[in-house]
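K.L.:
After the structure tokens below, expect a handful of questions from me.
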Number of protein chains: 2
Amino acid sequence: MPTSAHLEFDTSRDRVAQRVHHLRSSPVRDLFSAATRPDVISLSGGMPDVSLIPHDAIRAAADAVLEDDALRAVALQYGSTDGAIGMKKVVCSLMRDIGVRCTTDQVFLTSGAQQALALIAKTFLDPGDIVITEGPTYLTALSAFNGYEPEVITIPFDDEGMRMDLLEETLERIGKGNPRLKFIYTIPNFQNPGGVTMSDARRRRLIELVQEYKVMLIEDDPYGRLRYEGGHQIPLKAMDSRVVYLGTISKTMAPGLRVGWIVAPRHVLAKINLVKQGTDLCCSSFDQALVEHYFTDTPWEKVLQGFISVYGKRRDAMLAALEEYFPKEATWTHPEGGFFVWVTLPEYVDTGSMLAEALEAGVTYVPGDSFYPAGSGLGKNSMRINFSFESPENITEAIRRLSEVIEERLELYRVFIEAGAIKPDRAPANEHSTQ
Amino acid sequence: MPTSAHLEFDTSRDRVAQRVHHLRSSPVRDLFSAATRPDVISLSGGMPDVSLIPHDAIRAAADAVLEDDALRAVALQYGSTDGAIGMKKVVCSLMRDIGVRCTTDQVFLTSGAQQALALIAKTFLDPGDIVITEGPTYLTALSAFNGYEPEVITIPFDDEGMRMDLLEETLERIGKGNPRLKFIYTIPNFQNPGGVTMSDARRRRLIELVQEYKVMLIEDDPYGRLRYEGGHQIPLKAMDSRVVYLGTISKTMAPGLRVGWIVAPRHVLAKINLVKQGTDLCCSSFDQALVEHYFTDTPWEKVLQGFISVYGKRRDAMLAALEEYFPKEATWTHPEGGFFVWVTLPEYVDTGSMLAEALEAGVTYVPGDSFYPAGSGLGKNSMRINFSFESPENITEAIRRLSEVIEERLELYRVFIEAGAIKPDRAPANEHSTQ
């Protein structure tokens, strides 16, 4: 024991900063432990299946770094704030693959794309500033933004992605040149949690609106290369070079190595650089070196094809099981890629309170309200389910279990509906703002 | 080229958050490129000499992770927000070595100790809150704090570390129970940039003051195990379990792997956990696994002894060269460990403007004012010089070059002093506050 032990009182509660009161714990993180119970099939995570990466690919990349004295010394030393030039070149090459040309001075490396979100929020958001996102949106993007106390306005999507008519209405209301409006954040490909992809027409309209309202556009694209059907969509970044593009190796390689990137105009990166210095000095030099060599010295595209093939089959299994087992009252999205399906249940079903029953039945998902700003009241009757991590057999079984849990809930309500006590129709989700 | 190219105007300047105006670029980071010129001997960095780590030690740690399917899968996957249990156990063992007993639930892993500083600042600091540090102090701790706009009050040190009489005066002035006072930040061992170590008596007095004023104490200890003479000092954390202790493998192993830690009461860690989720999801699982195995499967203590032996000789070379070459008007600290010596010149010498001449002469250092809050006006006649990275011969040559640059400056002023135009005596540095 310490030489002067004390009872542990929570003396820090009164001392936390104002911004901490705007944060809530991520339910995905909280489900982490439950999801490791062997009898539970997890549809709640967002994990790639790293067991698909051949042992010798990682080994070859590690060997390239470890066996060369100069490379090893760099990998073990502090790096520059904006990242290693070798890994930046890899990013330029990966960007060229998807139709975006950039130079290394337009690339800024981060500790996963999550850090990019946090740095952008810290660089640009004052309390009360406005951020526009899809609703639902990536829940930890909301965490990154909420740390700086903005007002987050969410715009619903349909099968073609974010609704541009509703976005335009919102922009009009906010007003041109409103200094509080800081940026629009979108995940155009296989959105998390929606699974939907923004159509080319919507992308072009979004760029027009962004140019008209002179607002910064953040394009987050973790899943873009995991497409199981349909053709590649032109990135927003390729339509306007001022777009701030976020990428990561978390889904094309492995998230345990923290390498993400921002491709943006140099003046934006200069400000983010200033903020990053005090945040963590530099990212892992070792991770950057290993990832650089993975993408230069190994047949990584073959591994990526393996991901696509396996995940595609898992998606098919999920969509087939939904079709087979889910009640007629449920609707869901049909993702052409990525990791997630978004399920909408009748609005009288609360997926938050239903989660305990699902866990009991041996399946987990993420309740939909997690993907909206806290207090918005939206998403309570929806859920995000993941198909990237479990086998097709497990996915089918998980959907079967989940359908029984839902059926039980619906059974209960059908009685009320038949008696006229609950209206069966759902109000369409609409724009919502909350701080 | 992008399909719609635009001239690059800095449209983001007006959009940055208020907090960004409080940040300045780190001169150490900015000197990074100059310091790589082959004719320049750098005394400006703070880098460990990672070439001292035997190739087979890193190789053995990497093999342990890569050759085991289960370990490899964990190393490539997302980890938990607070870090991997295996690495936490290593931290508990390292803490026990220095006299602190803790359990894994009191350990929180971070991407280097720098991230720990940034997370603590984000968790606890509102604009206008008060932070007390040594003056001078670690410059990137100032960057981490400044991102959240506190008032930083600096307390001078002498050969026994932070002046407790001046700290007490400051605490009295701030007043007991003042909610704006958030924490005291200290580097008790081989302070950066001072090189001084807090005496046992001062440590005990500091703990008394912290208990009396009920203020959080942050103990940052990156260099504690790099002692070249004298006996181990009891950590503040061992004197009071409520102390928030920061550690890192950056100096005992390698900073290219980003693994640092916070040892603190659980209620403090719970709040930091909430903040970290949105910051980067998790640290590098790969780095944590590799570092865990380095500290369990390799003779790391022998490597550490190697660091101590080599750095000790470099420190001796620096102190001897200072004695031989530096003018009588200069004073400097005599570190028993760590990386740095702090040099004080007559107050009419501006080390900031002198840096260009030093670069010309083929040597770099960090001007002293970088280690004080911006605008304080303090430290202008001092400098930090590093002895961990260059050979004894290079250090001797660098100090010789530097002495000539200083001599030239002094020569100029001696004429004025003899003519009575400048007073030769220096005012003692004193407490200073700036926002």
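A note on labels: chains of the structure tokens are A, B, ... as shown, every chain counts residues from 1, and ligands are counted from 1 in their shown order.
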Which polymer residues have any atom within 10 Å of an atom of B:Ala320, counting only C-alpha atoms, with same-chain residues fewer than 5 positions away left out, as a list in words?
P.N.:
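Everything that qualifies: Arg314, Arg315, Tyr325, Phe326, Thr396 and Ile399 of chain B.
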K.L.:
Counting only C-alpha atoms, which residues of chain A sit at most 6 Å from some atom of chain B, and what is each one's closest atom pair with its distance in Å to one decimal, listed by chain and rising residue number, as CSV?
P.N.:
residue,atom,partner,partner_atom,distance
A:Met1,CA,B:Arg101,CA,5.8
A:Pro2,CA,B:Ala238,CA,5.0
A:Thr3,CA,B:Met239,CA,5.5
A:Ser4,CA,B:Asp240,CA,5.2
A:Ala5,CA,B:Ser241,CA,5.9
A:Asp10,CA,B:His267,CA,5.7
A:Val16,CA,B:Phe124,CA,4.3
A:Ala17,CA,B:Phe124,CA,4.6
A:Ser25,CA,B:Leu274,CA,5.8
A:Ala75,CA,B:Gly256,CA,5.6
A:Leu76,CA,B:Gly256,CA,3.9
A:Gln77,CA,B:Gly256,CA,4.3
A:Tyr78,CA,B:Gly256,CA,5.1
A:Arg101,CA,B:Met1,CA,5.8
A:Gln114,CA,B:Asp280,CA,4.9
A:Gln115,CA,B:Asp280,CA,4.6
A:Ala118,CA,B:Thr279,CA,5.3
A:Thr123,CA,B:Val16,CA,5.7
A:Phe124,CA,B:Val16,CA,4.3
A:Leu125,CA,B:Ala17,CA,5.2
A:Asp126,CA,B:Ala17,CA,5.2
A:Thr140,CA,B:Gly278,CA,5.5
A:Ser143,CA,B:Gly278,CA,4.6
A:Ala144,CA,B:Gly278,CA,4.3
A:Ala238,CA,B:Pro2,CA,5.0
A:Met239,CA,B:Thr3,CA,5.5
A:Asp240,CA,B:Ser4,CA,5.2
A:Ser241,CA,B:Ala5,CA,5.9
A:Ala254,CA,B:Leu76,CA,5.3
A:Pro255,CA,B:Gln77,CA,5.4
A:Gly256,CA,B:Leu76,CA,4.0
A:Leu257,CA,B:Ser284,CA,5.3
A:Arg258,CA,B:Ser284,CA,5.4
A:His267,CA,B:Asp10,CA,5.7
A:Leu274,CA,B:Ser25,CA,5.8
A:Gly278,CA,B:Ala144,CA,4.3
A:Thr279,CA,B:Ala118,CA,5.3
A:Asp280,CA,B:Gln115,CA,4.6
A:Ser284,CA,B:Leu257,CA,5.3
A:Ser285,CA,B:Gly256,CA,4.6
A:Phe286,CA,B:Gly256,CA,5.6
K.L.:
Quick one: everything within 7 Å of A:Phe190, counting only C-alpha atoms, minus sequence neighbours fewer than 4 positions away in the same chain. Send it as a count of residues only.
P.N.:
8
K.L.:
Could you pull the residues within 12 Å of A:Ala201, counting only C-alpha atoms, minus those fewer than 6 positions along the same chain, as a VMD selection string?
P.N.:
chain A and resid 160 to 164 207 to 208 233 to 234 236 239
K.L.:
Go ahead and save the picked residues with C-alpha atoms, as a CSV table (one decimal), in the first residue's frame.
P.N.:
chain,number,residue,atom,x,y,z
A,160,GLU,CA,-29.7,7.8,-52.0
A,161,GLY,CA,-28.0,9.2,-48.9
A,162,MET,CA,-28.5,12.5,-47.1
A,163,ARG,CA,-31.7,14.3,-48.2
A,164,MET,CA,-30.5,17.4,-50.0
A,207,ILE,CA,-20.9,20.3,-53.5
A,208,GLU,CA,-23.1,23.0,-55.0
A,233,GLN,CA,-18.8,6.4,-56.7
A,234,ILE,CA,-16.7,9.5,-57.3
A,236,LEU,CA,-16.7,14.3,-52.9
A,239,MET,CA,-15.4,17.0,-57.0
